[in-house]
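*Asks:* First the structure, then my questions, so here it is.
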Amino acid sequence: GDRFAFKNSLVMLTKFGQSVGTIEEEGYLFGSELYLKAILLVLLVLEDGAFANLTSSLDSFLGQLDIEGVKVNRNANNEGPSDNCSYSSGKESCFPGFEINDLTVSFPAFSGLLTFYRDSAIGANEVQETFLANLFVAVTQEANQTIHVLRTKCILSHLYLKHGNISKALEECEGIKDIYDHDTHSL
(Lines give C-alpha, C1' and ligand atoms only; values in the text may rest on other atoms or scores of the structure.)
Protein backbone atom coordinates (compact mmCIF):
# COMPACT_ATOMS: atom_id res chain seq x y z
CA GLY A 1 0.00 0.00 0.00
CA ASP A 2 1.90 2.99 1.33
CA ARG A 3 5.35 1.64 0.47
CA PHE A 4 4.28 0.88 -3.10
CA ALA A 5 2.86 4.40 -3.52
CA PHE A 6 6.00 5.88 -1.97
CA LYS A 7 8.28 3.95 -4.34
CA ASN A 8 6.16 4.95 -7.34
CA SER A 9 6.31 8.59 -6.20
CA LEU A 10 10.10 8.40 -5.99
CA VAL A 11 10.31 6.89 -9.46
CA MET A 12 8.05 9.62 -10.82
CA LEU A 13 10.06 12.32 -9.01
CA THR A 14 13.35 11.07 -10.47
CA LYS A 15 11.91 10.75 -13.97
CA PHE A 16 10.57 14.28 -13.73
CA GLY A 17 13.99 15.44 -12.51
CA GLN A 18 15.60 13.78 -15.50
CA SER A 19 13.22 15.20 -18.06
CA VAL A 20 13.17 18.76 -16.71
CA GLY A 21 16.93 18.62 -16.23
CA THR A 22 17.62 17.72 -19.83
CA ILE A 23 14.88 19.62 -21.66
CA GLU A 24 14.49 22.99 -19.93
CA GLU A 25 17.08 25.73 -20.17
CA GLU A 26 18.90 25.66 -16.83
CA GLY A 27 16.57 22.79 -15.90
CA TYR A 28 19.50 21.11 -14.22
CA LEU A 29 18.95 23.44 -11.25
CA PHE A 30 15.36 22.28 -10.73
CA GLY A 31 16.23 18.70 -11.69
CA SER A 32 19.04 18.57 -9.15
CA GLU A 33 16.66 19.78 -6.44
CA LEU A 34 14.20 17.02 -7.34
CA TYR A 35 16.96 14.41 -7.21
CA LEU A 36 18.16 15.69 -3.87
CA LYS A 37 14.63 15.61 -2.43
CA ALA A 38 14.17 12.03 -3.65
CA ILE A 39 17.42 11.00 -1.95
CA LEU A 40 16.42 12.71 1.29
CA LEU A 41 13.01 11.03 1.23
CA VAL A 42 14.65 7.63 0.88
CA LEU A 43 16.98 8.37 3.78
CA LEU A 44 14.01 9.39 5.95
CA VAL A 45 12.26 6.03 5.58
CA LEU A 46 15.20 3.67 5.80
CA GLU A 47 14.97 0.78 8.19
CA ASP A 48 16.81 1.61 11.40
CA GLY A 49 19.60 -0.91 10.76
CA ALA A 50 20.16 0.40 7.25
CA PHE A 51 20.28 3.98 8.54
CA ALA A 52 22.85 3.02 11.18
CA ASN A 53 24.95 1.16 8.58
CA LEU A 54 24.89 4.11 6.17
CA THR A 55 25.84 6.64 8.80
CA SER A 56 28.65 4.46 10.12
CA SER A 57 29.98 4.17 6.56
CA LEU A 58 30.13 7.95 6.39
CA ASP A 59 31.84 8.64 9.73
CA SER A 60 34.65 10.60 8.11
CA PHE A 61 32.13 13.04 6.61
CA LEU A 62 29.71 13.19 9.52
CA GLY A 63 32.44 13.89 12.04
CA GLN A 64 31.51 13.57 15.67
CA LEU A 65 27.74 13.28 15.24
CA ASP A 66 26.21 10.76 17.63
CA ILE A 67 23.82 9.13 15.18
CA GLU A 68 23.26 6.11 17.43
CA GLY A 69 21.88 8.32 20.19
CA VAL A 70 19.33 10.17 18.10
CA LYS A 71 15.96 10.24 19.83
CA VAL A 72 12.72 10.56 17.93
CA ASN A 73 9.82 11.98 19.93
CA ARG A 74 6.13 11.46 19.48
CA ASN A 75 4.51 14.54 17.97
CA ALA A 76 1.63 16.47 19.51
CA ASN A 77 -1.04 14.52 17.60
CA ASN A 78 0.24 11.18 18.93
CA GLU A 79 1.14 10.22 15.40
CA GLY A 80 4.54 9.11 14.34
CA PRO A 81 7.15 7.20 16.21
CA SER A 82 6.43 5.15 19.29
CA ASP A 83 7.51 6.32 22.74
CA ASN A 84 11.18 6.00 23.66
CA CYS A 85 12.15 5.27 20.09
CA SER A 86 15.80 5.65 19.23
CA TYR A 87 18.09 4.21 16.63
CA SER A 88 20.02 2.45 19.35
CA SER A 89 16.94 1.04 21.11
CA GLY A 90 17.05 -2.22 19.18
CA LYS A 91 13.42 -1.83 18.15
CA GLU A 92 12.60 -2.77 14.59
CA SER A 93 11.26 0.62 13.67
CA CYS A 94 10.34 4.00 15.01
CA PHE A 95 7.64 4.19 12.35
CA PRO A 96 6.12 0.70 12.37
CA GLY A 97 4.84 -0.41 8.99
CA PHE A 98 6.47 2.33 6.96
CA GLU A 99 10.05 1.71 6.05
CA ILE A 100 11.72 0.69 2.87
CA ASN A 101 14.46 -1.82 2.48
CA ASP A 102 14.70 -1.70 -1.32
CA LEU A 103 17.25 1.03 -1.80
CA THR A 104 17.51 0.47 -5.55
CA VAL A 105 14.65 2.93 -5.98
CA SER A 106 17.11 5.70 -5.07
CA PHE A 107 19.83 4.75 -7.57
CA PRO A 108 18.50 6.92 -10.45
CA ALA A 109 18.35 9.98 -8.18
CA PHE A 110 21.96 9.50 -7.06
CA SER A 111 23.15 8.91 -10.62
CA GLY A 112 21.22 11.90 -11.94
CA LEU A 113 22.44 14.28 -9.27
CA LEU A 114 26.05 13.17 -9.71
CA THR A 115 25.67 13.66 -13.46
CA PHE A 116 24.29 17.18 -12.95
CA TYR A 117 27.17 17.92 -10.58
CA ARG A 118 29.62 16.72 -13.21
CA ASP A 119 28.08 18.20 -16.37
CA SER A 120 26.26 21.35 -15.27
CA ALA A 121 27.16 24.73 -13.91
CA ILE A 122 25.59 23.95 -10.53
CA GLY A 123 28.78 24.82 -8.72
CA ALA A 124 28.99 21.77 -6.47
CA ASN A 125 32.29 21.70 -4.65
CA GLU A 126 34.62 18.81 -3.92
CA VAL A 127 33.08 18.07 -0.52
CA GLN A 128 29.53 17.98 -1.92
CA GLU A 129 30.49 15.74 -4.83
CA THR A 130 32.57 13.29 -2.82
CA PHE A 131 30.02 13.16 0.02
CA LEU A 132 27.23 12.33 -2.43
CA ALA A 133 29.39 9.71 -4.15
CA ASN A 134 30.39 8.17 -0.80
CA LEU A 135 26.73 8.11 0.24
CA PHE A 136 25.87 6.40 -3.06
CA VAL A 137 28.59 3.79 -2.43
CA ALA A 138 27.20 3.18 1.08
CA VAL A 139 23.65 2.85 -0.27
CA THR A 140 24.70 0.33 -2.93
CA GLN A 141 26.64 -1.63 -0.32
CA GLU A 142 23.63 -1.63 2.00
CA ALA A 143 21.44 -2.77 -0.90
CA ASN A 144 23.92 -5.60 -1.51
CA GLN A 145 24.11 -4.76 -5.21
CA THR A 146 27.70 -5.65 -6.11
CA ILE A 147 27.55 -4.46 -9.71
CA HIS A 148 26.30 -1.08 -8.49
CA VAL A 149 28.93 -0.99 -5.73
CA LEU A 150 31.55 -1.42 -8.46
CA ARG A 151 29.95 1.32 -10.53
CA THR A 152 29.71 3.76 -7.64
CA LYS A 153 33.29 3.08 -6.57
CA CYS A 154 34.36 3.92 -10.13
CA ILE A 155 32.45 7.21 -9.88
CA LEU A 156 34.08 7.93 -6.52
CA SER A 157 37.54 7.10 -7.85
CA HIS A 158 36.96 9.44 -10.79
CA LEU A 159 35.89 12.25 -8.44
CA TYR A 160 38.96 11.81 -6.25
CA LEU A 161 41.16 11.94 -9.34
CA LYS A 162 39.28 14.98 -10.68
CA HIS A 163 39.97 16.82 -7.43
CA GLY A 164 43.62 15.80 -7.31
CA ASN A 165 43.42 13.24 -4.52
CA ILE A 166 45.39 10.53 -6.30
CA SER A 167 45.98 8.36 -3.23
CA LYS A 168 42.22 8.13 -2.47
CA ALA A 169 41.51 7.45 -6.16
CA LEU A 170 44.01 4.59 -6.16
CA GLU A 171 42.59 3.29 -2.87
CA GLU A 172 39.12 3.09 -4.45
CA CYS A 173 40.60 1.34 -7.51
CA GLU A 174 42.19 -1.26 -5.22
CA GLY A 175 38.79 -1.76 -3.60
CA ILE A 176 37.29 -2.31 -7.05
CA LYS A 177 39.96 -4.87 -7.89
CA ASP A 178 39.20 -6.74 -4.65
CA ILE A 179 35.48 -6.98 -5.48
CA TYR A 180 35.52 -7.42 -9.24
CA ASP A 181 35.33 -10.91 -10.70
CA HIS A 182 35.46 -11.02 -14.50
CA ASP A 183 33.31 -14.12 -14.90
CA THR A 184 30.63 -12.85 -12.52
CA HIS A 185 30.51 -9.17 -13.45
CA SER A 186 31.01 -9.26 -17.23
CA LEU A 187 28.48 -10.01 -19.92
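Letters A, B, ... mark the chains of the C-alpha coordinates in the order given; residue numbers begin at 1 per chain; ligand numbers begin at 1, in order shown.
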Excluding same-chain residues fewer than 5 positions from Cys173 in chain A, what lies within 12 Å of it counting only C-alpha atoms, as a list in words?
*Replies:*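 The neighbour list is Leu150, Arg151, Thr152, Lys153, Cys154, Ile155, Leu156, Ser157, His158, Leu159, Tyr160, Leu161, Ile166, Ser167, Lys168, Asp178, Ile179 and Tyr180 of chain A.
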*Asks:* Now that the selection is made, can you save its residues with N, CA and C atoms as an mmCIF file, in the first residue's frame?
*Replies:*
```
data_model
loop_
_atom_site.group_PDB
_atom_site.id
_atom_site.type_symbol
_atom_site.label_atom_id
_atom_site.label_comp_id
_atom_site.auth_asym_id
_atom_site.auth_seq_id
_atom_site.Cartn_x
_atom_site.Cartn_y
_atom_site.Cartn_z
ATOM 1 N N LEU A 150 30.417 -1.609 -7.550
ATOM 2 C CA LEU A 150 31.548 -1.417 -8.461
ATOM 3 C C LEU A 150 31.399 -0.111 -9.248
ATOM 4 N N ARG A 151 30.208 0.118 -9.744
ATOM 5 C CA ARG A 151 29.952 1.324 -10.535
ATOM 6 C C ARG A 151 30.137 2.589 -9.695
ATOM 7 N N THR A 152 29.609 2.568 -8.472
ATOM 8 C CA THR A 152 29.712 3.763 -7.639
ATOM 9 C C THR A 152 31.146 3.992 -7.156
ATOM 10 N N LYS A 153 31.881 2.921 -6.935
ATOM 11 C CA LYS A 153 33.286 3.079 -6.568
ATOM 12 C C LYS A 153 34.084 3.661 -7.742
ATOM 13 N N CYS A 154 33.711 3.311 -8.960
ATOM 14 C CA CYS A 154 34.358 3.923 -10.133
ATOM 15 C C CYS A 154 34.063 5.426 -10.185
ATOM 16 N N ILE A 155 32.824 5.793 -9.914
ATOM 17 C CA ILE A 155 32.449 7.209 -9.878
ATOM 18 C C ILE A 155 33.266 7.926 -8.811
ATOM 19 N N LEU A 156 33.346 7.322 -7.626
ATOM 20 C CA LEU A 156 34.078 7.934 -6.525
ATOM 21 C C LEU A 156 35.562 8.078 -6.856
ATOM 22 N N SER A 157 36.133 7.044 -7.451
ATOM 23 C CA SER A 157 37.541 7.097 -7.849
ATOM 24 C C SER A 157 37.775 8.239 -8.838
ATOM 25 N N HIS A 158 36.865 8.365 -9.801
ATOM 26 C CA HIS A 158 36.958 9.441 -10.787
ATOM 27 C C HIS A 158 36.904 10.811 -10.110
ATOM 28 N N LEU A 159 36.005 10.961 -9.134
ATOM 29 C CA LEU A 159 35.893 12.248 -8.444
ATOM 30 C C LEU A 159 37.159 12.577 -7.655
ATOM 31 N N TYR A 160 37.716 11.569 -6.978
ATOM 32 C CA TYR A 160 38.960 11.813 -6.245
ATOM 33 C C TYR A 160 40.067 12.246 -7.207
ATOM 34 N N LEU A 161 40.145 11.581 -8.347
ATOM 35 C CA LEU A 161 41.156 11.936 -9.338
ATOM 36 C C LEU A 161 40.914 13.342 -9.884
ATOM 37 N N ILE A 166 44.966 11.736 -5.598
ATOM 38 C CA ILE A 166 45.388 10.531 -6.304
ATOM 39 C C ILE A 166 45.433 9.317 -5.379
ATOM 40 N N SER A 167 45.889 9.503 -4.147
ATOM 41 C CA SER A 167 45.979 8.358 -3.235
ATOM 42 C C SER A 167 44.598 7.778 -2.923
ATOM 43 N N LYS A 168 43.589 8.631 -2.717
ATOM 44 C CA LYS A 168 42.219 8.135 -2.473
ATOM 45 C C LYS A 168 41.651 7.483 -3.729
ATOM 46 N N ASP A 178 39.503 -5.707 -5.643
ATOM 47 C CA ASP A 178 39.198 -6.742 -4.654
ATOM 48 C C ASP A 178 37.810 -7.338 -4.849
ATOM 49 N N ILE A 179 36.872 -6.541 -5.315
ATOM 50 C CA ILE A 179 35.483 -6.984 -5.480
ATOM 51 C C ILE A 179 35.235 -7.614 -6.840
ATOM 52 N N TYR A 180 35.843 -7.057 -7.864
ATOM 53 C CA TYR A 180 35.520 -7.423 -9.241
ATOM 54 C C TYR A 180 35.975 -8.852 -9.589
#
```
*Asks:* List as a short mmCIF file (atom, residue, chain, number, x, y, z; two decimals) with all heavy atoms, in the first residue's frame the protein and nucleic acid residues near range 131-133 of chain A, meaning an atom at most 12 Å away when only C-alpha atoms are counted, but skip any in the same chain fewer than 6 places from it.
*Replies:*
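File around_11.cif, as written:
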```
data_model
loop_
_atom_site.label_atom_id
_atom_site.label_comp_id
_atom_site.auth_asym_id
_atom_site.auth_seq_id
_atom_site.Cartn_x
_atom_site.Cartn_y
_atom_site.Cartn_z
N TYR A 35 16.14 15.57 -7.55
CA TYR A 35 16.96 14.41 -7.21
C TYR A 35 17.34 14.42 -5.73
O TYR A 35 17.27 13.41 -5.04
CB TYR A 35 18.23 14.36 -8.05
CG TYR A 35 18.04 13.93 -9.48
CD1 TYR A 35 18.78 14.52 -10.50
CD2 TYR A 35 17.15 12.92 -9.83
CE1 TYR A 35 18.64 14.12 -11.81
CE2 TYR A 35 17.00 12.52 -11.15
CZ TYR A 35 17.75 13.12 -12.13
OH TYR A 35 17.61 12.72 -13.43
N LEU A 36 17.75 15.57 -5.26
CA LEU A 36 18.16 15.69 -3.87
C LEU A 36 16.99 15.39 -2.93
O LEU A 36 17.15 14.68 -1.93
CB LEU A 36 18.73 17.08 -3.59
CG LEU A 36 19.33 17.30 -2.21
CD1 LEU A 36 20.45 16.31 -1.94
CD2 LEU A 36 19.85 18.72 -2.09
N ILE A 39 16.41 11.65 -2.79
CA ILE A 39 17.42 11.00 -1.95
C ILE A 39 17.10 11.21 -0.47
O ILE A 39 17.14 10.27 0.33
CB ILE A 39 18.83 11.53 -2.29
CG1 ILE A 39 19.24 11.06 -3.68
CG2 ILE A 39 19.85 11.09 -1.24
CD1 ILE A 39 20.46 11.77 -4.25
N LEU A 40 16.75 12.43 -0.11
CA LEU A 40 16.42 12.71 1.29
C LEU A 40 15.19 11.94 1.74
O LEU A 40 15.15 11.45 2.88
CB LEU A 40 16.22 14.21 1.49
CG LEU A 40 17.48 15.06 1.32
CD1 LEU A 40 17.14 16.54 1.39
CD2 LEU A 40 18.54 14.69 2.33
N THR A 55 25.17 5.58 8.07
CA THR A 55 25.84 6.64 8.80
C THR A 55 27.20 6.19 9.31
O THR A 55 28.14 6.98 9.32
CB THR A 55 24.98 7.18 9.95
OG1 THR A 55 24.59 6.09 10.79
CG2 THR A 55 23.75 7.89 9.41
N SER A 57 29.12 4.17 7.75
CA SER A 57 29.98 4.17 6.56
C SER A 57 30.48 5.56 6.22
O SER A 57 31.44 5.71 5.47
CB SER A 57 29.22 3.62 5.35
OG SER A 57 28.85 2.29 5.54
N LEU A 58 29.80 6.56 6.73
CA LEU A 58 30.13 7.95 6.39
C LEU A 58 30.73 8.72 7.56
O LEU A 58 30.69 9.94 7.58
CB LEU A 58 28.87 8.66 5.89
CG LEU A 58 28.26 8.07 4.63
CD1 LEU A 58 26.90 8.68 4.36
CD2 LEU A 58 29.18 8.26 3.45
N ASP A 59 31.28 8.00 8.54
CA ASP A 59 31.84 8.64 9.73
C ASP A 59 32.80 9.76 9.41
O ASP A 59 32.80 10.81 10.05
CB ASP A 59 32.55 7.62 10.62
CG ASP A 59 31.58 6.89 11.51
OD1 ASP A 59 30.43 7.34 11.65
OD2 ASP A 59 31.98 5.85 12.07
N SER A 60 33.65 9.58 8.41
CA SER A 60 34.65 10.60 8.11
C SER A 60 34.01 11.91 7.64
O SER A 60 34.56 12.98 7.84
CB SER A 60 35.64 10.10 7.06
OG SER A 60 34.98 9.85 5.84
N PHE A 61 32.81 11.83 7.06
CA PHE A 61 32.13 13.04 6.61
C PHE A 61 31.22 13.61 7.69
O PHE A 61 31.03 14.81 7.77
CB PHE A 61 31.29 12.76 5.35
CG PHE A 61 32.13 12.56 4.14
CD1 PHE A 61 32.41 11.29 3.67
CD2 PHE A 61 32.65 13.64 3.45
CE1 PHE A 61 33.19 11.10 2.56
CE2 PHE A 61 33.44 13.46 2.33
CZ PHE A 61 33.71 12.19 1.89
N LEU A 62 30.65 12.73 8.51
CA LEU A 62 29.71 13.19 9.52
C LEU A 62 30.40 13.66 10.79
O LEU A 62 29.77 14.22 11.67
CB LEU A 62 28.71 12.08 9.84
CG LEU A 62 27.83 11.65 8.67
CD1 LEU A 62 26.97 10.47 9.07
CD2 LEU A 62 26.98 12.79 8.16
N PHE A 107 18.66 4.73 -6.69
CA PHE A 107 19.83 4.75 -7.57
C PHE A 107 19.73 5.79 -8.69
O PHE A 107 20.70 6.50 -8.95
CB PHE A 107 20.11 3.37 -8.16
CG PHE A 107 20.57 2.34 -7.16
CD1 PHE A 107 20.68 2.61 -5.81
CD2 PHE A 107 20.90 1.07 -7.59
CE1 PHE A 107 21.10 1.65 -4.90
CE2 PHE A 107 21.33 0.10 -6.70
CZ PHE A 107 21.43 0.39 -5.34
N ALA A 109 18.20 8.64 -8.73
CA ALA A 109 18.35 9.98 -8.18
C ALA A 109 19.83 10.28 -7.90
O ALA A 109 20.32 11.37 -8.20
CB ALA A 109 17.52 10.15 -6.92
N PHE A 110 20.53 9.31 -7.31
CA PHE A 110 21.96 9.50 -7.06
C PHE A 110 22.72 9.70 -8.37
O PHE A 110 23.53 10.62 -8.50
CB PHE A 110 22.54 8.29 -6.32
CG PHE A 110 22.33 8.30 -4.84
CD1 PHE A 110 21.36 7.51 -4.26
CD2 PHE A 110 23.11 9.09 -4.02
CE1 PHE A 110 21.17 7.50 -2.89
CE2 PHE A 110 22.94 9.09 -2.65
CZ PHE A 110 21.96 8.29 -2.08
N SER A 111 22.45 8.82 -9.33
CA SER A 111 23.15 8.91 -10.62
C SER A 111 22.87 10.24 -11.31
O SER A 111 23.77 10.88 -11.84
CB SER A 111 22.73 7.77 -11.54
OG SER A 111 23.17 6.54 -11.03
N GLY A 112 21.59 10.64 -11.29
CA GLY A 112 21.22 11.90 -11.94
C GLY A 112 21.86 13.10 -11.30
O GLY A 112 22.37 13.99 -11.98
N LEU A 113 21.85 13.14 -9.96
CA LEU A 113 22.44 14.28 -9.27
C LEU A 113 23.94 14.33 -9.49
O LEU A 113 24.50 15.41 -9.74
CB LEU A 113 22.11 14.23 -7.78
CG LEU A 113 22.47 15.46 -6.96
CD1 LEU A 113 21.88 16.73 -7.56
CD2 LEU A 113 22.00 15.29 -5.52
N LEU A 114 24.61 13.18 -9.44
CA LEU A 114 26.05 13.17 -9.71
C LEU A 114 26.36 13.61 -11.14
O LEU A 114 27.34 14.30 -11.39
CB LEU A 114 26.64 11.79 -9.43
CG LEU A 114 26.83 11.46 -7.95
CD1 LEU A 114 27.07 9.97 -7.74
CD2 LEU A 114 27.97 12.28 -7.37
N THR A 115 25.50 13.24 -12.07
CA THR A 115 25.67 13.66 -13.46
C THR A 115 25.50 15.18 -13.59
O THR A 115 26.28 15.84 -14.27
CB THR A 115 24.68 12.93 -14.39
OG1 THR A 115 24.94 11.53 -14.29
CG2 THR A 115 24.82 13.37 -15.83
N PHE A 116 24.48 15.73 -12.93
CA PHE A 116 24.29 17.18 -12.95
C PHE A 116 25.48 17.88 -12.32
O PHE A 116 25.93 18.91 -12.80
CB PHE A 116 23.01 17.59 -12.23
CG PHE A 116 21.75 17.38 -13.04
CD1 PHE A 116 20.55 17.15 -12.40
CD2 PHE A 116 21.76 17.44 -14.41
CE1 PHE A 116 19.38 16.97 -13.12
CE2 PHE A 116 20.59 17.26 -15.16
CZ PHE A 116 19.41 17.02 -14.50
N TYR A 117 25.99 17.33 -11.21
CA TYR A 117 27.17 17.92 -10.58
C TYR A 117 28.34 17.93 -11.55
O TYR A 117 29.11 18.89 -11.60
CB TYR A 117 27.56 17.15 -9.32
CG TYR A 117 26.76 17.47 -8.07
CD1 TYR A 117 25.70 18.38 -8.08
CD2 TYR A 117 27.07 16.87 -6.87
CE1 TYR A 117 24.99 18.66 -6.94
CE2 TYR A 117 26.36 17.15 -5.71
CZ TYR A 117 25.33 18.04 -5.75
OH TYR A 117 24.63 18.32 -4.61
N ARG A 118 28.49 16.85 -12.29
CA ARG A 118 29.62 16.72 -13.21
C ARG A 118 29.47 17.59 -14.46
O ARG A 118 30.42 18.23 -14.89
CB ARG A 118 29.77 15.25 -13.62
CG ARG A 118 30.96 14.99 -14.55
CD ARG A 118 30.93 13.61 -15.14
NE ARG A 118 29.80 13.54 -16.08
CZ ARG A 118 29.12 12.45 -16.34
NH1 ARG A 118 29.41 11.31 -15.76
NH2 ARG A 118 28.12 12.47 -17.20
N ALA A 124 28.73 22.67 -7.60
CA ALA A 124 28.99 21.77 -6.47
C ALA A 124 30.49 21.72 -6.23
O ALA A 124 31.28 21.69 -7.16
CB ALA A 124 28.46 20.38 -6.77
N ASN A 125 30.86 21.74 -4.97
CA ASN A 125 32.29 21.70 -4.65
C ASN A 125 32.75 20.26 -4.39
O ASN A 125 31.95 19.33 -4.41
CB ASN A 125 32.61 22.63 -3.48
CG ASN A 125 31.92 22.21 -2.20
OD1 ASN A 125 31.73 21.04 -1.92
ND2 ASN A 125 31.55 23.21 -1.40
N VAL A 139 25.00 3.33 0.04
CA VAL A 139 23.65 2.85 -0.27
C VAL A 139 23.71 1.58 -1.11
O VAL A 139 22.98 0.63 -0.86
CB VAL A 139 22.82 3.96 -0.99
CG1 VAL A 139 21.56 3.40 -1.62
CG2 VAL A 139 22.48 5.06 0.00
N THR A 140 24.60 1.54 -2.11
CA THR A 140 24.70 0.33 -2.93
C THR A 140 25.24 -0.84 -2.12
O THR A 140 24.82 -1.98 -2.33
CB THR A 140 25.57 0.56 -4.19
OG1 THR A 140 26.87 0.99 -3.81
CG2 THR A 140 24.92 1.55 -5.14
N VAL A 149 27.81 -1.38 -6.59
CA VAL A 149 28.93 -0.99 -5.73
C VAL A 149 30.15 -0.72 -6.60
O VAL A 149 30.84 0.30 -6.44
CB VAL A 149 29.25 -2.07 -4.67
CG1 VAL A 149 30.54 -1.74 -3.93
CG2 VAL A 149 28.10 -2.23 -3.68
N ARG A 151 30.21 0.12 -9.74
CA ARG A 151 29.95 1.32 -10.53
C ARG A 151 30.14 2.59 -9.69
O ARG A 151 30.77 3.55 -10.12
CB ARG A 151 28.53 1.26 -11.10
CG ARG A 151 28.18 2.36 -12.05
CD ARG A 151 26.82 2.10 -12.70
NE ARG A 151 25.71 2.27 -11.79
CZ ARG A 151 25.11 3.44 -11.55
NH1 ARG A 151 25.52 4.53 -12.15
NH2 ARG A 151 24.11 3.51 -10.72
N THR A 152 29.61 2.57 -8.47
CA THR A 152 29.71 3.76 -7.64
C THR A 152 31.15 3.99 -7.16
O THR A 152 31.57 5.13 -7.00
CB THR A 152 28.75 3.70 -6.44
OG1 THR A 152 29.00 2.52 -5.67
CG2 THR A 152 27.31 3.71 -6.91
N LYS A 153 31.88 2.92 -6.93
CA LYS A 153 33.29 3.08 -6.57
C LYS A 153 34.08 3.66 -7.74
O LYS A 153 35.02 4.43 -7.52
CB LYS A 153 33.88 1.76 -6.09
CG LYS A 153 33.46 1.40 -4.68
CD LYS A 153 34.16 0.14 -4.23
CE LYS A 153 34.08 -0.02 -2.74
NZ LYS A 153 34.91 0.93 -1.99
N CYS A 154 33.71 3.31 -8.96
CA CYS A 154 34.36 3.92 -10.13
C CYS A 154 34.06 5.43 -10.18
O CYS A 154 34.96 6.23 -10.46
CB CYS A 154 33.87 3.26 -11.42
SG CYS A 154 34.52 1.62 -11.70
N ILE A 155 32.82 5.79 -9.91
CA ILE A 155 32.45 7.21 -9.88
C ILE A 155 33.27 7.93 -8.81
O ILE A 155 33.82 9.00 -9.04
CB ILE A 155 30.93 7.37 -9.60
CG1 ILE A 155 30.11 6.86 -10.79
CG2 ILE A 155 30.59 8.83 -9.28
CD1 ILE A 155 28.62 6.73 -10.49
N LEU A 156 33.35 7.32 -7.63
CA LEU A 156 34.08 7.93 -6.52
C LEU A 156 35.56 8.08 -6.86
O LEU A 156 36.17 9.12 -6.60
CB LEU A 156 33.88 7.11 -5.25
CG LEU A 156 34.47 7.66 -3.97
CD1 LEU A 156 33.94 9.06 -3.67
CD2 LEU A 156 34.16 6.71 -2.82
N SER A 157 36.13 7.04 -7.45
CA SER A 157 37.54 7.10 -7.85
C SER A 157 37.78 8.24 -8.84
O SER A 157 38.74 9.00 -8.73
CB SER A 157 37.97 5.76 -8.46
OG SER A 157 39.28 5.83 -8.93
N HIS A 158 36.87 8.36 -9.80
CA HIS A 158 36.96 9.44 -10.79
C HIS A 158 36.90 10.81 -10.11
O HIS A 158 37.66 11.73 -10.46
CB HIS A 158 35.84 9.30 -11.82
CG HIS A 158 35.80 10.42 -12.79
ND1 HIS A 158 34.97 11.50 -12.63
CD2 HIS A 158 36.51 10.65 -13.92
CE1 HIS A 158 35.16 12.35 -13.63
NE2 HIS A 158 36.08 11.86 -14.43
N LEU A 159 36.00 10.96 -9.13
CA LEU A 159 35.89 12.25 -8.44
C LEU A 159 37.16 12.58 -7.65
O LEU A 159 37.62 13.72 -7.66
CB LEU A 159 34.69 12.25 -7.51
CG LEU A 159 33.34 12.40 -8.19
CD1 LEU A 159 32.21 12.24 -7.18
CD2 LEU A 159 33.23 13.75 -8.88
N TYR A 160 37.72 11.57 -6.98
CA TYR A 160 38.96 11.81 -6.25
C TYR A 160 40.07 12.25 -7.21
O TYR A 160 40.82 13.18 -6.92
CB TYR A 160 39.40 10.58 -5.46
CG TYR A 160 38.61 10.34 -4.19
CD1 TYR A 160 38.15 9.07 -3.86
CD2 TYR A 160 38.36 11.38 -3.30
CE1 TYR A 160 37.46 8.85 -2.68
CE2 TYR A 160 37.66 11.16 -2.12
CZ TYR A 160 37.21 9.89 -1.82
OH TYR A 160 36.53 9.67 -0.66
N GLU A 172 40.42 3.56 -3.94
CA GLU A 172 39.12 3.09 -4.45
C GLU A 172 39.32 2.06 -5.57
O GLU A 172 38.59 1.08 -5.65
CB GLU A 172 38.27 4.25 -4.94
CG GLU A 172 37.73 5.13 -3.85
CD GLU A 172 36.87 4.39 -2.84
OE1 GLU A 172 36.11 3.46 -3.22
OE2 GLU A 172 36.96 4.73 -1.65
#
```
*Asks:* In Å, with one decimal, what is the gap from CA of Ser56 in chain A to CA of Pro108 in chain A?
*Replies:*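 Answer for the CA of Ser56 in chain A to CA of Pro108 in chain A separation: 23.1 Å.
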